[in-house]
>>> print(open('entry.cif').read())   # mmCIF, C-alpha atoms
data_protein
loop_
_atom_site.label_atom_id
_atom_site.label_comp_id
_atom_site.auth_asym_id
_atom_site.auth_seq_id
_atom_site.Cartn_x
_atom_site.Cartn_y
_atom_site.Cartn_z
CA MET A 1 -87.12 -57.04 -81.36
CA LEU A 2 -87.92 -58.88 -84.60
CA GLU A 3 -87.43 -55.67 -86.57
CA GLY A 4 -84.04 -55.20 -84.93
CA VAL A 5 -83.03 -58.77 -85.72
CA GLY A 6 -84.17 -58.25 -89.31
CA ILE A 7 -82.02 -55.15 -89.68
CA VAL A 8 -78.98 -57.04 -88.42
CA LEU A 9 -79.68 -60.04 -90.66
CA TRP A 10 -80.18 -58.04 -93.84
CA GLY A 11 -77.13 -55.95 -93.13
CA LEU A 12 -75.01 -59.08 -92.75
CA VAL A 13 -76.58 -60.60 -95.88
CA ALA A 14 -75.59 -57.54 -97.89
CA LEU A 15 -72.04 -57.66 -96.59
CA ALA A 16 -71.83 -61.38 -97.31
CA LEU A 17 -73.09 -60.78 -100.85
CA GLY A 18 -70.28 -58.35 -101.52
CA GLY A 19 -67.84 -60.74 -99.86
CA PHE A 20 -68.99 -63.53 -102.18
CA GLY A 21 -68.08 -61.57 -105.29
CA ILE A 22 -64.76 -60.46 -103.83
CA GLY A 23 -63.91 -63.98 -102.68
CA LEU A 24 -64.62 -65.34 -106.13
CA THR A 25 -62.30 -62.75 -107.65
CA GLU A 26 -59.49 -63.51 -105.24
CA PHE A 27 -59.49 -67.29 -105.41
CA GLY A 28 -61.43 -68.03 -108.63
CA ILE A 29 -58.29 -67.75 -110.70
CA VAL A 30 -56.42 -70.42 -108.71
CA GLY A 31 -58.02 -73.37 -110.50
CA LEU A 32 -57.52 -71.65 -113.87
CA LEU A 33 -53.84 -70.72 -113.58
CA PRO A 34 -52.72 -73.42 -116.04
CA GLU A 35 -55.22 -72.18 -118.68
CA VAL A 36 -54.36 -68.52 -118.09
CA ALA A 37 -50.64 -69.20 -118.29
CA ALA A 38 -51.04 -71.09 -121.58
CA ASP A 39 -53.37 -68.53 -123.18
CA LEU A 40 -51.32 -65.48 -122.22
CA ALA A 41 -48.03 -67.27 -122.96
CA VAL A 42 -46.44 -66.76 -119.55
CA THR A 43 -44.69 -69.06 -117.10
CA GLU A 44 -46.40 -70.73 -114.17
CA GLY A 45 -44.58 -68.38 -111.82
CA ALA A 46 -45.75 -65.32 -113.76
CA ALA A 47 -49.30 -66.62 -113.67
CA GLY A 48 -48.94 -66.94 -109.90
CA LEU A 49 -48.23 -63.19 -109.75
CA LEU A 50 -51.88 -62.67 -110.70
CA VAL A 51 -52.57 -63.99 -107.21
CA SER A 52 -49.73 -62.28 -105.34
CA GLY A 53 -50.16 -58.99 -107.23
CA TYR A 54 -53.81 -59.02 -106.26
CA ALA A 55 -52.89 -59.64 -102.64
CA LEU A 56 -50.43 -56.73 -102.51
CA SER A 57 -53.06 -54.39 -103.95
CA VAL A 58 -55.52 -55.59 -101.32
CA ALA A 59 -52.99 -54.62 -98.66
CA VAL A 60 -52.64 -51.12 -100.12
CA GLY A 61 -56.38 -50.66 -100.40
CA ALA A 62 -56.94 -52.01 -96.91
CA LEU A 63 -54.69 -49.39 -95.35
CA VAL A 64 -55.09 -46.36 -97.60
CA LEU A 65 -58.73 -46.59 -98.66
CA THR A 66 -59.93 -47.75 -95.24
CA ALA A 67 -58.26 -44.74 -93.61
CA VAL A 68 -59.71 -42.36 -96.21
CA LEU A 69 -63.22 -43.83 -95.98
CA ALA A 70 -63.35 -44.10 -92.18
CA ARG A 71 -65.27 -40.80 -91.88
CA PHE A 72 -67.68 -41.32 -94.78
CA ASP A 73 -71.11 -42.90 -94.82
CA ARG A 74 -70.28 -46.60 -94.85
CA ARG A 75 -73.00 -47.66 -97.27
CA LYS A 76 -71.89 -45.15 -99.89
CA ALA A 77 -68.28 -46.14 -99.28
CA LEU A 78 -69.09 -49.81 -99.86
CA MET A 79 -71.04 -48.97 -103.02
CA GLY A 80 -68.10 -47.01 -104.41
CA LEU A 81 -65.77 -49.88 -103.65
CA MET A 82 -68.02 -52.30 -105.53
CA VAL A 83 -67.92 -50.02 -108.59
CA LEU A 84 -64.13 -50.27 -108.49
CA PHE A 85 -64.48 -54.05 -108.19
CA ILE A 86 -66.69 -54.22 -111.30
CA ILE A 87 -64.29 -52.13 -113.38
CA GLY A 88 -61.33 -54.32 -112.43
CA ASN A 89 -63.03 -57.60 -113.29
CA LEU A 90 -64.36 -56.25 -116.57
CA THR A 91 -60.80 -55.29 -117.48
CA SER A 92 -59.59 -58.81 -116.69
CA ALA A 93 -62.36 -60.34 -118.79
CA VAL A 94 -61.34 -58.44 -121.94
CA ALA A 95 -57.57 -58.27 -121.30
CA PRO A 96 -55.65 -58.79 -124.56
CA ALA A 97 -52.33 -59.34 -122.78
CA TYR A 98 -50.88 -60.44 -119.45
CA GLU A 99 -50.00 -56.88 -118.38
CA VAL A 100 -53.58 -55.69 -118.91
CA MET A 101 -54.93 -58.64 -116.95
CA LEU A 102 -52.56 -57.89 -114.09
CA ALA A 103 -53.73 -54.27 -114.12
CA GLY A 104 -57.35 -55.41 -113.93
CA ARG A 105 -56.52 -57.64 -110.98
CA VAL A 106 -54.85 -54.72 -109.21
CA VAL A 107 -57.86 -52.43 -109.71
CA ALA A 108 -60.31 -55.07 -108.48
CA ALA A 109 -58.12 -55.78 -105.48
CA LEU A 110 -58.04 -52.19 -104.27
CA CYS A 111 -61.63 -52.49 -103.05
CA HIS A 112 -61.11 -55.84 -101.31
CA GLY A 113 -59.29 -54.79 -98.17
CA ALA A 114 -61.30 -51.63 -97.60
CA PHE A 115 -64.56 -53.53 -98.10
CA PHE A 116 -63.76 -56.10 -95.44
CA GLY A 117 -62.08 -53.52 -93.23
CA VAL A 118 -65.15 -51.26 -93.11
CA GLY A 119 -67.55 -54.21 -93.26
CA ALA A 120 -66.02 -55.94 -90.24
CA VAL A 121 -66.61 -52.84 -88.12
CA VAL A 122 -70.21 -52.59 -89.33
CA ALA A 123 -70.82 -56.28 -88.56
CA ALA A 124 -69.27 -56.07 -85.09
CA ASP A 125 -71.22 -52.92 -84.21
CA LEU A 126 -74.52 -54.60 -85.06
CA VAL A 127 -74.31 -57.12 -82.22
CA GLU A 128 -73.51 -57.35 -78.54
CA GLU A 129 -69.96 -57.85 -77.26
CA ARG A 130 -70.12 -61.62 -76.80
CA ARG A 131 -71.26 -62.19 -80.39
CA LYS A 132 -68.85 -59.95 -82.30
CA ALA A 133 -66.61 -62.71 -83.68
CA GLY A 134 -69.69 -64.61 -84.81
CA ALA A 135 -71.00 -61.53 -86.65
CA ILE A 136 -67.65 -61.05 -88.34
CA ALA A 137 -67.71 -64.73 -89.31
CA LEU A 138 -71.14 -64.24 -90.92
CA MET A 139 -69.76 -61.33 -92.93
CA PHE A 140 -66.85 -63.51 -94.05
CA ALA A 141 -69.36 -66.25 -94.91
CA GLY A 142 -69.71 -64.70 -98.36
CA LEU A 143 -65.99 -65.23 -98.86
CA THR A 144 -66.20 -68.87 -97.81
CA VAL A 145 -69.37 -69.54 -99.81
CA ALA A 146 -67.36 -68.31 -102.80
CA ASN A 147 -64.88 -71.07 -102.02
CA VAL A 148 -67.65 -73.67 -101.62
CA LEU A 149 -69.69 -72.86 -104.71
CA GLY A 150 -68.12 -70.01 -106.63
CA VAL A 151 -64.53 -71.15 -107.06
CA PRO A 152 -65.27 -74.72 -108.22
CA SER A 153 -68.08 -73.46 -110.48
CA GLY A 154 -65.87 -70.69 -111.82
CA THR A 155 -63.10 -73.18 -112.50
CA LEU A 156 -65.49 -75.53 -114.28
CA LEU A 157 -66.97 -72.67 -116.31
CA GLY A 158 -63.49 -71.48 -117.26
CA GLN A 159 -62.43 -74.96 -118.36
CA VAL A 160 -65.57 -75.42 -120.46
CA ALA A 161 -66.09 -71.94 -121.93
CA GLY A 162 -62.64 -70.41 -121.54
CA TRP A 163 -61.15 -68.65 -118.54
CA ARG A 164 -62.47 -65.26 -119.64
CA SER A 165 -66.05 -66.45 -119.13
CA THR A 166 -65.34 -66.75 -115.41
CA PHE A 167 -64.40 -63.08 -115.18
CA TRP A 168 -67.50 -62.08 -117.13
CA ALA A 169 -69.55 -64.01 -114.59
CA ILE A 170 -67.75 -62.29 -111.71
CA THR A 171 -68.50 -58.91 -113.27
CA VAL A 172 -72.21 -59.73 -113.30
CA ILE A 173 -72.02 -60.87 -109.68
CA GLY A 174 -70.38 -57.54 -108.82
CA VAL A 175 -73.34 -55.67 -110.31
CA VAL A 176 -75.77 -57.80 -108.28
CA ALA A 177 -73.72 -57.18 -105.12
CA LEU A 178 -73.75 -53.43 -105.78
CA VAL A 179 -77.55 -53.44 -106.02
CA GLY A 180 -77.74 -55.58 -102.87
CA ILE A 181 -75.62 -53.18 -100.84
CA ALA A 182 -77.59 -50.18 -102.11
CA THR A 183 -80.91 -51.73 -101.11
CA LEU A 184 -80.13 -53.93 -98.11
CA VAL A 185 -77.58 -52.00 -96.07
CA ARG A 186 -79.48 -49.27 -94.27
CA PRO A 187 -77.76 -45.89 -93.86
CA ALA A 188 -78.51 -45.94 -90.13
CA GLY A 189 -76.48 -49.10 -89.75
CA ALA A 190 -73.63 -48.03 -91.97
CA ALA A 191 -72.90 -44.41 -91.26
CA ALA A 192 -69.53 -43.58 -89.80
CA THR A 193 -69.15 -40.73 -87.39
CA GLU A 194 -67.34 -37.66 -88.58
CA THR A 195 -65.96 -36.97 -85.13
CA GLY A 196 -63.38 -38.85 -83.14
CA PRO A 197 -59.61 -39.12 -83.16
CA SER A 198 -57.65 -37.73 -86.08
CA LEU A 199 -55.96 -40.02 -88.58
CA HIS A 200 -52.61 -39.16 -87.01
CA ALA A 201 -53.92 -40.21 -83.60
CA GLU A 202 -55.38 -43.43 -85.01
CA LEU A 203 -52.02 -44.32 -86.58
CA GLY A 204 -50.66 -44.41 -83.05
CA ILE A 205 -52.10 -47.93 -82.67
CA PHE A 206 -49.11 -49.18 -84.66
CA ARG A 207 -46.84 -48.22 -81.78
CA ARG A 208 -48.50 -50.87 -79.62
CA PRO A 209 -46.46 -54.11 -79.47
CA ARG A 210 -49.52 -56.38 -79.21
CA VAL A 211 -51.11 -54.79 -82.29
CA LEU A 212 -47.89 -55.29 -84.25
CA ALA A 213 -47.67 -58.88 -82.98
CA SER A 214 -51.20 -59.52 -84.23
CA VAL A 215 -50.23 -58.12 -87.63
CA VAL A 216 -47.25 -60.51 -87.82
CA VAL A 217 -49.41 -63.49 -86.83
CA SER A 218 -51.89 -62.63 -89.59
CA VAL A 219 -49.12 -62.31 -92.18
CA LEU A 220 -47.68 -65.71 -91.27
CA THR A 221 -51.05 -67.46 -91.02
CA PHE A 222 -52.39 -66.55 -94.43
CA GLY A 223 -48.93 -66.61 -95.98
CA GLY A 224 -48.78 -70.28 -95.08
CA LEU A 225 -52.32 -71.06 -96.19
CA VAL A 226 -52.38 -69.13 -99.47
CA GLY A 227 -48.79 -70.00 -100.34
CA ALA A 228 -49.86 -73.63 -100.43
CA PHE A 229 -53.24 -73.02 -102.03
CA THR A 230 -52.02 -70.82 -104.91
CA TYR A 231 -50.34 -73.73 -106.70
CA ILE A 232 -52.61 -76.49 -105.44
CA ALA A 233 -53.93 -77.25 -108.95
CA PHE A 234 -50.38 -78.13 -110.05
CA THR A 235 -49.88 -80.28 -106.95
CA LEU A 236 -53.13 -82.15 -107.49
CA THR A 237 -52.49 -82.90 -111.16
CA ASN A 238 -48.72 -83.45 -111.16
CA ILE A 239 -48.13 -85.10 -107.78
CA SER A 240 -51.43 -86.60 -106.68
CA GLY A 241 -52.31 -87.82 -110.18
CA PHE A 242 -55.75 -86.23 -110.48
CA SER A 243 -57.04 -85.12 -113.89
CA GLU A 244 -57.67 -81.44 -114.62
CA GLY A 245 -61.37 -82.22 -114.66
CA SER A 246 -61.16 -83.36 -111.04
CA VAL A 247 -59.69 -80.08 -109.81
CA PRO A 248 -63.03 -78.19 -109.47
CA TRP A 249 -64.47 -80.94 -107.29
CA LEU A 250 -61.40 -81.06 -105.09
CA LEU A 251 -61.59 -77.28 -104.71
CA LEU A 252 -65.21 -77.76 -103.69
CA LEU A 253 -64.02 -79.87 -100.75
CA PHE A 254 -61.66 -77.08 -99.72
CA GLY A 255 -64.52 -74.61 -99.99
CA ILE A 256 -66.85 -76.70 -97.85
CA GLY A 257 -64.12 -76.96 -95.24
CA SER A 258 -63.48 -73.21 -95.31
CA PHE A 259 -67.16 -72.42 -94.85
CA ALA A 260 -67.43 -74.73 -91.85
CA GLY A 261 -64.10 -73.58 -90.43
CA ASN A 262 -65.07 -69.91 -90.64
CA LEU A 263 -68.25 -70.45 -88.59
CA VAL A 264 -66.56 -72.77 -86.09
CA GLY A 265 -63.66 -70.35 -85.73
CA GLY A 266 -66.06 -67.49 -85.01
CA ARG A 267 -67.76 -69.40 -82.21
CA ALA A 268 -64.45 -70.57 -80.78
CA ALA A 269 -63.07 -67.03 -80.77
CA ASP A 270 -66.11 -65.73 -78.89
CA ARG A 271 -65.39 -68.32 -76.19
CA SER A 272 -61.59 -68.04 -75.99
CA LEU A 273 -59.93 -65.68 -78.44
CA ASP A 274 -56.21 -66.33 -77.94
CA GLY A 275 -56.63 -69.95 -76.83
CA SER A 276 -58.61 -70.90 -79.92
CA LEU A 277 -56.05 -69.28 -82.23
CA VAL A 278 -53.17 -71.24 -80.69
CA VAL A 279 -54.97 -74.56 -81.22
CA ILE A 280 -56.10 -73.73 -84.76
CA LEU A 281 -52.65 -72.52 -85.87
CA ALA A 282 -51.05 -75.72 -84.56
CA ALA A 283 -53.62 -77.74 -86.50
CA LEU A 284 -52.95 -75.74 -89.68
CA THR A 285 -49.22 -76.43 -89.44
CA ALA A 286 -49.85 -80.16 -88.97
CA VAL A 287 -52.26 -80.38 -91.91
CA LEU A 288 -49.84 -78.62 -94.29
CA ALA A 289 -46.96 -80.91 -93.29
CA LEU A 290 -49.09 -84.04 -93.63
CA PHE A 291 -50.37 -82.87 -97.02
CA ALA A 292 -46.80 -82.45 -98.27
CA MET A 293 -45.80 -85.89 -97.08
CA ALA A 294 -48.93 -87.67 -98.35
CA ALA A 295 -49.46 -85.75 -101.61
CA THR A 296 -48.93 -88.92 -103.67
CA VAL A 297 -51.82 -90.72 -101.94
CA PRO A 298 -55.06 -89.57 -103.62
CA ALA A 299 -57.43 -90.87 -100.92
CA VAL A 300 -55.55 -88.98 -98.20
CA VAL A 301 -55.37 -85.84 -100.35
CA VAL A 302 -59.17 -85.81 -100.68
CA ALA A 303 -59.53 -85.69 -96.88
CA LEU A 304 -56.73 -83.16 -96.47
CA MET A 305 -58.29 -80.74 -98.96
CA THR A 306 -61.29 -80.47 -96.66
CA LEU A 307 -59.20 -80.22 -93.49
CA LEU A 308 -57.02 -77.52 -95.02
CA GLY A 309 -60.09 -75.40 -95.63
CA VAL A 310 -61.40 -75.99 -92.11
CA VAL A 311 -58.26 -75.10 -90.16
CA GLY A 312 -57.16 -72.37 -92.58
CA PHE A 313 -60.32 -70.28 -92.45
CA ALA A 314 -61.10 -71.02 -88.80
CA THR A 315 -58.38 -68.47 -88.07
CA ALA A 316 -60.06 -65.55 -89.89
CA PRO A 317 -62.69 -64.34 -87.37
CA GLY A 318 -60.33 -64.61 -84.42
CA LEU A 319 -57.51 -62.77 -86.17
CA GLN A 320 -59.89 -60.00 -87.20
CA LEU A 321 -61.49 -59.60 -83.77
CA ARG A 322 -58.15 -59.77 -81.94
CA ILE A 323 -56.63 -56.72 -83.58
CA MET A 324 -59.90 -54.79 -83.33
CA SER A 325 -60.09 -55.56 -79.60
CA LEU A 326 -56.54 -54.32 -79.13
CA ALA A 327 -57.34 -51.00 -80.85
CA LYS A 328 -60.86 -50.15 -79.75
CA ASP A 329 -60.12 -46.44 -80.17
CA ALA A 330 -59.45 -46.94 -83.90
CA PRO A 331 -61.33 -50.13 -84.90
CA THR A 332 -61.78 -49.29 -88.58
CA LEU A 333 -58.09 -48.64 -89.19
CA ALA A 334 -57.15 -51.69 -87.11
CA SER A 335 -59.60 -53.81 -89.07
CA GLY A 336 -58.15 -52.57 -92.35
CA ALA A 337 -54.64 -53.20 -91.06
CA ASN A 338 -55.48 -56.84 -90.39
CA ILE A 339 -56.94 -57.28 -93.88
CA ALA A 340 -53.74 -55.73 -95.22
CA ALA A 341 -51.67 -58.11 -93.12
CA LEU A 342 -53.59 -61.14 -94.36
CA ASN A 343 -52.97 -60.12 -97.95
CA VAL A 344 -49.33 -59.21 -97.47
CA GLY A 345 -49.11 -62.77 -96.21
CA ASN A 346 -50.94 -63.96 -99.33
CA ALA A 347 -48.46 -62.19 -101.57
CA LEU A 348 -45.36 -63.31 -99.67
CA GLY A 349 -46.65 -66.86 -99.41
CA ALA A 350 -47.47 -67.10 -103.11
CA TRP A 351 -44.09 -65.58 -104.07
CA LEU A 352 -42.05 -67.83 -101.79
CA ALA A 353 -44.05 -70.89 -102.77
CA GLY A 354 -43.50 -70.08 -106.44
CA LEU A 355 -39.74 -70.06 -105.90
CA THR A 356 -39.85 -73.67 -104.68
CA LEU A 357 -41.45 -74.97 -107.88
CA THR A 358 -38.07 -75.15 -109.63
CA THR A 359 -36.31 -76.79 -106.66
CA ALA A 360 -36.05 -80.47 -105.76
CA LEU A 361 -39.28 -80.09 -103.78
CA GLY A 362 -41.20 -79.45 -106.99
CA TYR A 363 -44.96 -79.19 -106.64
CA THR A 364 -44.87 -80.13 -102.95
CA GLY A 365 -42.69 -77.07 -102.30
CA PRO A 366 -45.66 -74.71 -101.76
CA LEU A 367 -47.00 -77.02 -99.05
CA TRP A 368 -43.66 -77.09 -97.24
CA THR A 369 -43.45 -73.31 -97.59
CA GLY A 370 -46.83 -73.08 -95.89
#
>>> encode(input="entry.cif", output="structure tokens")
Amino acid sequence: MLEGVGIVLWGLVALALGGFGIGLTEFGIVGLLPEVAADLAVTEGAAGLLVSGYALSVAVGALVLTAVLARFDRRKALMGLMVLFIIGNLTSAVAPAYEVMLAGRVVAALCHGAFFGVGAVVAADLVEERRKAGAIALMFAGLTVANVLGVPSGTLLGQVAGWRSTFWAITVIGVVALVGIATLVRPAGAAATETGPSLHAELGIFRRPRVLASVVVSVLTFGGLVGAFTYIAFTLTNISGFSEGSVPWLLLLFGIGSFAGNLVGGRAADRSLDGSLVVILAALTAVLALFAMAATVPAVVVALMTLLGVVGFATAPGLQLRIMSLAKDAPTLASGANIAALNVGNALGAWLAGLTLTTALGYTGPLWTG
């Protein structure tokens, strides 16, 4: 029994380690957008495309690479994806121009969706039915720990030593994650079967109305959250009156909230999947609206940064498990489809929020968009 528990634990630790590096890549740039925009001589909106462009590439990788890798040994697949991740971040670290940096972001992003798509299936398969959302939440814990510790630290490092230093640090983390996956994820717990329905048959899940409805919910949920979060550094400094040096610590509050919300959301989803999502989505809407209205009150903003992380990431385990439960005959493709949906939402949210920056709403526009 203890050996079995150990196998599960180490497998989840390895997945979380990879998720940490990927989470840092996705969100680590948010607190550095002003520095990146100034150094590469681009507008704030163009800098925001480094977030939305990443998200679109995640969506492509989540669908295409997840489908391709579904019949390969999962450990080897995850290792290959981490190599792609390392190459992309190294490119961003040395990028001489905006276009090269964007290319590096795209390359790094291709592994993101497939990693979480395959990893979610591995995590869910390691535990019994009533604990699947909790296992998925543990896998996503690496992503939320990146928000708690990685993103604020990366922002602080970038402000002190230049934004490129953050991407060098992420590259090193990617190497460590690659070693972790190679040594901690056992082949017996990661191998995919080579039999089963064909890819054409698996694609049939997208003819199911409830699967498509879940995809739309995921797009809207993370579109709202990430649309607001992408430009939060501008909101905090230009509307709330915080200094640039305060931004990393405020992002830390968001990260702490996201870590707690992810775990709470996993437990809630195991108890009542659809019911918990309805409550959490209502809370997310309320927090975003309150944030927009109270953005000029620093004390309230401090509390809302934490709450935004809690309610935003409490949705993740439930959204992931819901679509997998609706497509049990093709869980890997369904899992990848949800990751794609989340990141299509990220891209749309960041794009739409960016459009509001030049309107009368100004830097509260992204919050209203959310």
>>> resolve_selection(input="entry.cif", expression="the PyMOL selection byres ((chain A and resi 76-88) around 8)", output="ChimeraX atom specification")
/A:18,22,69,72-75,89-92,103-112,114-115,118,171,174-175,177-178,181-182
>>> residues_around(input="entry.cif", residues="region 233-241 of chain A", least_positions_apart="2", cutoff="7 Å", atoms="all atoms listed in the file", output="MDAnalysis selection string")
chainID A and resid 31 231 243:244 247 295:298 363:364
>>> resolve_selection(input="entry.cif", expression="the PyMOL selection byres ((chain A and resi 292) around 10)", output="ChimeraX atom specification")
/A:228,235,239,287-291,293-296,301,361,363-370
>>> residues_around(input="entry.cif", residues="Ala327 (chain A)", least_positions_apart="6", cutoff="12 Å", atoms="all atoms listed in the file", output="mmCIF file with C-alpha atoms, keeping the file's coordinate frame")
data_model
loop_
_atom_site.group_PDB
_atom_site.id
_atom_site.type_symbol
_atom_site.label_atom_id
_atom_site.label_comp_id
_atom_site.auth_asym_id
_atom_site.auth_seq_id
_atom_site.Cartn_x
_atom_site.Cartn_y
_atom_site.Cartn_z
ATOM 1 C CA VAL A 121 -66.610 -52.840 -88.120
ATOM 2 C CA ALA A 201 -53.920 -40.210 -83.600
ATOM 3 C CA GLU A 202 -55.380 -43.430 -85.010
ATOM 4 C CA LEU A 203 -52.020 -44.320 -86.580
ATOM 5 C CA GLY A 204 -50.660 -44.410 -83.050
ATOM 6 C CA ILE A 205 -52.100 -47.930 -82.670
ATOM 7 C CA PHE A 206 -49.110 -49.180 -84.660
ATOM 8 C CA ARG A 207 -46.840 -48.220 -81.780
ATOM 9 C CA ARG A 208 -48.500 -50.870 -79.620
ATOM 10 C CA PRO A 209 -46.460 -54.110 -79.470
ATOM 11 C CA ARG A 210 -49.520 -56.380 -79.210
ATOM 12 C CA VAL A 211 -51.110 -54.790 -82.290
ATOM 13 C CA LEU A 212 -47.890 -55.290 -84.250
ATOM 14 C CA SER A 214 -51.200 -59.520 -84.230
ATOM 15 C CA GLN A 320 -59.890 -60.000 -87.200
ATOM 16 C CA LEU A 321 -61.490 -59.600 -83.770
ATOM 17 C CA LEU A 333 -58.090 -48.640 -89.190
ATOM 18 C CA ALA A 334 -57.150 -51.690 -87.110
ATOM 19 C CA SER A 335 -59.600 -53.810 -89.070
ATOM 20 C CA GLY A 336 -58.150 -52.570 -92.350
ATOM 21 C CA ALA A 337 -54.640 -53.200 -91.060
ATOM 22 C CA ASN A 338 -55.480 -56.840 -90.390
#
>>> atom_distance(input="entry.cif", atom1="CA of Ser165 (chain A)", atom2="CA of Thr25 (chain A)")
12.6 Å
>>> residues_around(input="entry.cif", residues="region 33-48 of chain A", least_positions_apart="2", cutoff="6 Å", atoms="only C-alpha atoms", output="short mmCIF file (atom, residue, chain, number, x, y, z; two decimals) with C-alpha atoms, in the coordinates of the input")
data_model
loop_
_atom_site.label_atom_id
_atom_site.label_comp_id
_atom_site.auth_asym_id
_atom_site.auth_seq_id
_atom_site.Cartn_x
_atom_site.Cartn_y
_atom_site.Cartn_z
CA VAL A 30 -56.42 -70.42 -108.71
CA GLY A 31 -58.02 -73.37 -110.50
CA LEU A 50 -51.88 -62.67 -110.70
CA VAL A 51 -52.57 -63.99 -107.21
CA TYR A 98 -50.88 -60.44 -119.45
CA GLY A 354 -43.50 -70.08 -106.44
#
>>> residues_near_point(input="entry.cif", point="(-67.4, -58.7, -88.0)", cutoff="10 Å", atoms="only C-alpha atoms", output="VMD selection string")
chain A and resid 12 15 116 to 127 131 to 140 266 317 to 318 320 to 321 324 335
>>> closest_residue(input="entry.cif", among="A:Gly345, A:Gly309, A:Gly154, A:Gly275", to="Ala260 (chain A)", atoms="all atoms listed in the file")
A:Gly309
>>> closest_residue(input="entry.cif", among="A:Met305, A:Leu263, A:Ala360, A:Ala330", to="Ala67 (chain A)", atoms="all atoms listed in the file")
A:Ala330
>>> atom_distance(input="entry.cif", atom1="CA of Ala340 (chain A)", atom2="CA of Val145 (chain A)")
21.4 Å
>>> resolve_selection(input="entry.cif", expression="the PyMOL selection byres ((chain A and resi 58) around 7)", output="number ranges by chain")
A: 54-57, 59-62, 109-110, 112-113, 340, 343
>>> closest_residue(input="entry.cif", among="A:Thr144, A:Ser272, A:Thr332, A:Thr166", to="Leu32 (chain A)", atoms="only C-alpha atoms")
A:Thr166
>>> closest_residue(input="entry.cif", among="A:Ala146, A:Gly227, A:Pro152, A:Ile170", to="Leu352 (chain A)", atoms="all atoms listed in the file")
A:Gly227
>>> residues_around(input="entry.cif", residues="Val217 (chain A)", least_positions_apart="5", cutoff="9 Å", atoms="all atoms listed in the file", output="list in words")
Leu212, Phe222, Leu319, Ala341 and Leu342 of chain A
>>> axis_aligned_box(input="entry.cif", around="region 87-99 of chain A", padding_each_side="5 Å", output="lines of an AutoDock Vina configuration file")
center_x = -57.2
center_y = -56.3
center_z = -118.5
size_x = 24.4
size_y = 18.3
size_z = 22.1
>>> residues_near_point(input="entry.cif", point="(-49.8, -64.1, -101.3)", cutoff="6 Å", atoms="all atoms listed in the file", output="list in words")
Ser52, Ala55, Gly223, Val226, Gly345, Asn346, Ala347, Leu348, Gly349 and Ala350 of chain A
>>> build_atoms(input="entry.cif", residues="region 344-355 of chain A", atoms="N, CA and C atoms", output="CSV table (one decimal), in the frame of the given file")
chain,number,residue,atom,x,y,z
A,344,VAL,N,-50.8,-59.2,-97.3
A,344,VAL,CA,-49.3,-59.2,-97.5
A,344,VAL,C,-48.8,-60.6,-97.3
A,345,GLY,N,-49.4,-61.4,-96.4
A,345,GLY,CA,-49.1,-62.8,-96.2
A,345,GLY,C,-49.4,-63.6,-97.5
A,346,ASN,N,-50.6,-63.3,-98.1
A,346,ASN,CA,-50.9,-64.0,-99.3
A,346,ASN,C,-49.9,-63.8,-100.4
A,347,ALA,N,-49.4,-62.5,-100.5
A,347,ALA,CA,-48.5,-62.2,-101.6
A,347,ALA,C,-47.1,-62.8,-101.3
A,348,LEU,N,-46.6,-62.7,-100.0
A,348,LEU,CA,-45.4,-63.3,-99.7
A,348,LEU,C,-45.4,-64.8,-99.8
A,349,GLY,N,-46.5,-65.4,-99.3
A,349,GLY,CA,-46.6,-66.9,-99.4
A,349,GLY,C,-46.6,-67.4,-100.8
A,350,ALA,N,-47.4,-66.7,-101.7
A,350,ALA,CA,-47.5,-67.1,-103.1
A,350,ALA,C,-46.1,-66.9,-103.8
A,351,TRP,N,-45.4,-65.8,-103.5
A,351,TRP,CA,-44.1,-65.6,-104.1
A,351,TRP,C,-43.1,-66.6,-103.6
A,352,LEU,N,-43.0,-66.9,-102.3
A,352,LEU,CA,-42.0,-67.8,-101.8
A,352,LEU,C,-42.4,-69.2,-102.3
A,353,ALA,N,-43.7,-69.6,-102.3
A,353,ALA,CA,-44.0,-70.9,-102.8
A,353,ALA,C,-43.7,-71.1,-104.2
A,354,GLY,N,-43.8,-70.0,-105.0
A,354,GLY,CA,-43.5,-70.1,-106.4
A,354,GLY,C,-42.0,-70.4,-106.7
A,355,LEU,N,-41.2,-69.8,-105.8
A,355,LEU,CA,-39.7,-70.1,-105.9
A,355,LEU,C,-39.4,-71.5,-105.7
